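Asker: Here you go, one structure.
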Amino acid sequence: MKLSRQLKLLLVFVLAIGGITLGVTPAAARQTTKAIALKTTKVSTKAYHATKGKIYRNTTLTKVAHNAKNYSHTTLYVTKHATIRKANHKRAVYYYIGKGKAKGWIWRGYLQAGKATKQATKTATTSVTQQVTQPTSKSTFDATKMSQNFLAIVNQERAKVGVAPLTLNGKLTNLANQRAKDNADINTLSHDDAQGNAMFEKEADQFGVGDWLTWSECLYMSGYNSLSFDFGKDAADGYLYHDADSDWGHRLNLISPETTQIGIGWYVKADTNTVYNAIDQTN
């Protein structure tokens, strides 16, 4: 049964450098309510380390500050614990990293007690070889190819569960391109503007897609050294297969039989070497 003007708001944050995915961890699905800290306790500073997960700015879990995988060789010092009721009404315990560069809240399941191992120092010979063989950032970004790769994976997954394939919609794609640029302009991922208004609702009409019953949106950003990296495959992989932290909300959106049309948008922000992606779906 379709729900009238149903909003499914999701984020995904991924960082890829030089064709190597350094983080493929979808952010928690954001519903109409924010997460709430039920209890916060100060604790004695203790060393931990992490290899995956997101580190949030605050206990509402709406803004991602860091990707823990980028700090796999950094010791994280926890100073607080909090019991949090997430937007999906499930409770979880998050730890606050209060010292160092990666400050913020992270689910305790992503942490391991003890200091992180130090990263091995690369030899001068290895460094020279990498400089010679590594693709440059001057590669051309092929949005059409990235979208085709993305849609092929999603429709393949839909076929596995007996759902009809999504159809690429030009108007939705124009909107998705704008949504990708919106996020590039603020250097982060957000479905809302500064006043908390859903950007899709503000912009849909001007792109001719304002008459919708069911809608979902997924957002992705990735740093790069080379634009030849397969961002389409990487984004699809993150949404479909690495979405446990959001209770598989992104995956459920992409394989939902309620949506039949998809817009796939991209924006390359050269001054920060970041690629932004927006996925908008409707009935």
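Chain lettering (A, B, ...) mirrors the order of the structure tokens, residue numbering begins at 1 for each chain separately, and ligand numbering begins at 1 in order of display.
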Can you list, as a PyMOL selection string, every protein, DNA or RNA residue that comes within 9 Å of segment 54-63 of chain A when you count only C-alpha atoms, leaving out same-chain residues fewer than 4 positions away?

Answerer: chain A and resi 13+25-28+30+34-37+67-69+82+84+86-87+94+96-97+102-107+110+188-190

Asker: Give me the residues within 10 Å of Ser44 of chain A as a PyMOL selection string, counting only C-alpha atoms and dropping any in the same chain fewer than 3 places off.

Answerer: chain A and resi 47+77-80

Asker: Looking at A:Lys269, A:Ile264, A:Asp280, A:Phe231, which one is nearest to Glu201 of chain A, with distances taken over only C-alpha atoms?

Answerer: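 Residue with the minimum atom-to-atom distance to Glu201 of chain A: A:Asp280.
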
Asker: Applying 12 Å and only C-alpha atoms, which residues near segment 254-262 of chain A remain after dropping the ones on its own chain fewer than 4 positions away? List them as a ChimeraX atom specification.

Answerer: /A:1-4,6,8,10,147-148,150-151,153-176,209,212-218,235-241,243,248-250,278-283

Asker: So that I have them on file, write out the residues from the current selection with C-alpha atoms, as a PDB file, in the first residue's frame.

Answerer:
```pdb
ATOM      1  CA  MET A   1       0.000   0.000   0.000  1.00  0.00           C
ATOM      2  CA  LYS A   2       1.380   3.399  -0.946  1.00  0.00           C
ATOM      3  CA  LEU A   3       1.642   6.036   1.687  1.00  0.00           C
ATOM      4  CA  SER A   4       0.671   9.565   0.738  1.00  0.00           C
ATOM      5  CA  GLN A   6       5.920   9.278   2.289  1.00  0.00           C
ATOM      6  CA  LYS A   8      12.353   8.283   3.368  1.00  0.00           C
ATOM      7  CA  LEU A  10      18.780   8.648   4.020  1.00  0.00           C
ATOM      8  CA  SER A 147      25.032   6.086 -13.607  1.00  0.00           C
ATOM      9  CA  GLN A 148      24.866   3.047 -15.883  1.00  0.00           C
ATOM     10  CA  PHE A 150      25.002   2.111 -10.555  1.00  0.00           C
ATOM     11  CA  LEU A 151      21.657   1.279 -12.149  1.00  0.00           C
ATOM     12  CA  ILE A 153      23.802  -3.235  -9.961  1.00  0.00           C
ATOM     13  CA  VAL A 154      20.574  -1.938  -8.405  1.00  0.00           C
ATOM     14  CA  ASN A 155      18.344  -3.525 -11.042  1.00  0.00           C
ATOM     15  CA  GLN A 156      20.242  -6.788 -10.748  1.00  0.00           C
ATOM     16  CA  GLU A 157      19.497  -6.774  -7.025  1.00  0.00           C
ATOM     17  CA  ARG A 158      15.840  -5.915  -7.665  1.00  0.00           C
ATOM     18  CA  ALA A 159      15.590  -8.878 -10.060  1.00  0.00           C
ATOM     19  CA  LYS A 160      16.889 -11.207  -7.330  1.00  0.00           C
ATOM     20  CA  VAL A 161      13.896 -10.307  -5.143  1.00  0.00           C
ATOM     21  CA  GLY A 162      11.375 -10.344  -7.971  1.00  0.00           C
ATOM     22  CA  VAL A 163      10.962  -6.568  -8.314  1.00  0.00           C
ATOM     23  CA  ALA A 164      10.683  -4.792 -11.665  1.00  0.00           C
ATOM     24  CA  PRO A 165      13.703  -2.702 -12.716  1.00  0.00           C
ATOM     25  CA  LEU A 166      13.896   1.011 -12.058  1.00  0.00           C
ATOM     26  CA  THR A 167      13.631   3.296 -15.075  1.00  0.00           C
ATOM     27  CA  LEU A 168      16.010   6.247 -15.408  1.00  0.00           C
ATOM     28  CA  ASN A 169      13.967   9.435 -15.471  1.00  0.00           C
ATOM     29  CA  GLY A 170      15.468  12.544 -17.094  1.00  0.00           C
ATOM     30  CA  LYS A 171      13.588  15.053 -14.943  1.00  0.00           C
ATOM     31  CA  LEU A 172      14.452  13.191 -11.746  1.00  0.00           C
ATOM     32  CA  THR A 173      18.072  13.052 -12.880  1.00  0.00           C
ATOM     33  CA  ASN A 174      18.107  16.823 -13.357  1.00  0.00           C
ATOM     34  CA  LEU A 175      16.784  17.191  -9.822  1.00  0.00           C
ATOM     35  CA  ALA A 176      19.344  14.686  -8.502  1.00  0.00           C
ATOM     36  CA  VAL A 209       8.577  16.116 -10.579  1.00  0.00           C
ATOM     37  CA  TRP A 212       4.629  12.286  -6.244  1.00  0.00           C
ATOM     38  CA  LEU A 213       3.143   9.833  -3.752  1.00  0.00           C
ATOM     39  CA  THR A 214       6.237   7.939  -2.617  1.00  0.00           C
ATOM     40  CA  TRP A 215       9.723   9.381  -2.541  1.00  0.00           C
ATOM     41  CA  SER A 216      13.136   8.386  -1.256  1.00  0.00           C
ATOM     42  CA  GLU A 217      16.556  10.005  -1.442  1.00  0.00           C
ATOM     43  CA  CYS A 218      20.058   8.672  -0.817  1.00  0.00           C
ATOM     44  CA  ALA A 235      27.848   4.003  -4.225  1.00  0.00           C
ATOM     45  CA  ALA A 236      25.615   1.047  -5.126  1.00  0.00           C
ATOM     46  CA  ASP A 237      27.782  -1.260  -3.025  1.00  0.00           C
ATOM     47  CA  GLY A 238      27.480   1.058  -0.040  1.00  0.00           C
ATOM     48  CA  TYR A 239      23.730   1.485  -0.288  1.00  0.00           C
ATOM     49  CA  LEU A 240      22.895  -2.185  -0.933  1.00  0.00           C
ATOM     50  CA  TYR A 241      25.450  -4.272   0.921  1.00  0.00           C
ATOM     51  CA  ASP A 243      23.830  -0.601   5.236  1.00  0.00           C
ATOM     52  CA  TRP A 248      19.150  -1.570   5.703  1.00  0.00           C
ATOM     53  CA  GLY A 249      17.035   1.498   5.019  1.00  0.00           C
ATOM     54  CA  HIS A 250      18.949   2.507   1.878  1.00  0.00           C
ATOM     55  CA  ALA A 278      22.229  12.013  -5.094  1.00  0.00           C
ATOM     56  CA  ILE A 279      19.672   9.288  -5.774  1.00  0.00           C
ATOM     57  CA  ASP A 280      16.029  10.379  -5.992  1.00  0.00           C
ATOM     58  CA  GLN A 281      13.221   7.871  -6.523  1.00  0.00           C
ATOM     59  CA  THR A 282       9.467   8.250  -6.978  1.00  0.00           C
ATOM     60  CA  ASN A 283       6.519   6.110  -7.846  1.00  0.00           C
TER      61      ASN A 283
END
```

Asker: Taking 4 positions as the minimum chain separation for residues in the same chain, which residues sit within 7 Å of Trp266 of chain A when counting only C-alpha atoms? Answer as a list in words.

Answerer: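 Here the answer would be Ala143, Asn177, Ala180, Tyr276, Asn277 and Ala278 of chain A.
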
Asker: Any chance you could export the current selection's all heavy atoms as a compact mmCIF listing (two decimals), in the first residue's frame?

Answerer:
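The new file result_12.txt reads:
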```txt
# COMPACT_ATOMS: atom_id res chain seq x y z
N ALA A 143 29.91 10.79 -16.05
CA ALA A 143 28.66 10.65 -15.27
C ALA A 143 27.74 9.60 -15.86
O ALA A 143 27.10 8.84 -15.13
CB ALA A 143 27.95 11.99 -15.19
N ASN A 177 20.92 15.87 -9.93
CA ASN A 177 22.14 16.64 -10.20
C ASN A 177 22.18 17.91 -9.34
O ASN A 177 23.21 18.27 -8.78
CB ASN A 177 22.23 17.02 -11.67
CG ASN A 177 22.68 15.87 -12.55
OD1 ASN A 177 23.47 15.02 -12.12
ND2 ASN A 177 22.20 15.83 -13.78
N ALA A 180 22.88 16.96 -5.73
CA ALA A 180 24.30 16.69 -5.53
C ALA A 180 25.07 18.00 -5.39
O ALA A 180 25.95 18.13 -4.52
CB ALA A 180 24.85 15.86 -6.69
N TYR A 276 30.13 14.14 -5.36
CA TYR A 276 28.86 14.03 -4.66
C TYR A 276 27.85 13.30 -5.55
O TYR A 276 27.82 13.50 -6.77
CB TYR A 276 28.31 15.41 -4.30
CG TYR A 276 29.11 16.13 -3.25
CD1 TYR A 276 30.27 16.81 -3.59
CD2 TYR A 276 28.72 16.11 -1.92
CE1 TYR A 276 31.02 17.48 -2.61
CE2 TYR A 276 29.46 16.76 -0.93
CZ TYR A 276 30.61 17.44 -1.28
OH TYR A 276 31.35 18.07 -0.33
N ASN A 277 27.01 12.49 -4.93
CA ASN A 277 25.97 11.74 -5.64
C ASN A 277 24.65 11.88 -4.90
O ASN A 277 24.62 11.86 -3.68
CB ASN A 277 26.37 10.27 -5.76
CG ASN A 277 25.19 9.38 -6.13
OD1 ASN A 277 24.68 8.65 -5.28
ND2 ASN A 277 24.76 9.46 -7.36
N ALA A 278 23.58 12.01 -5.67
CA ALA A 278 22.23 12.01 -5.09
C ALA A 278 21.37 11.03 -5.88
O ALA A 278 21.43 10.99 -7.12
CB ALA A 278 21.62 13.40 -5.13
```
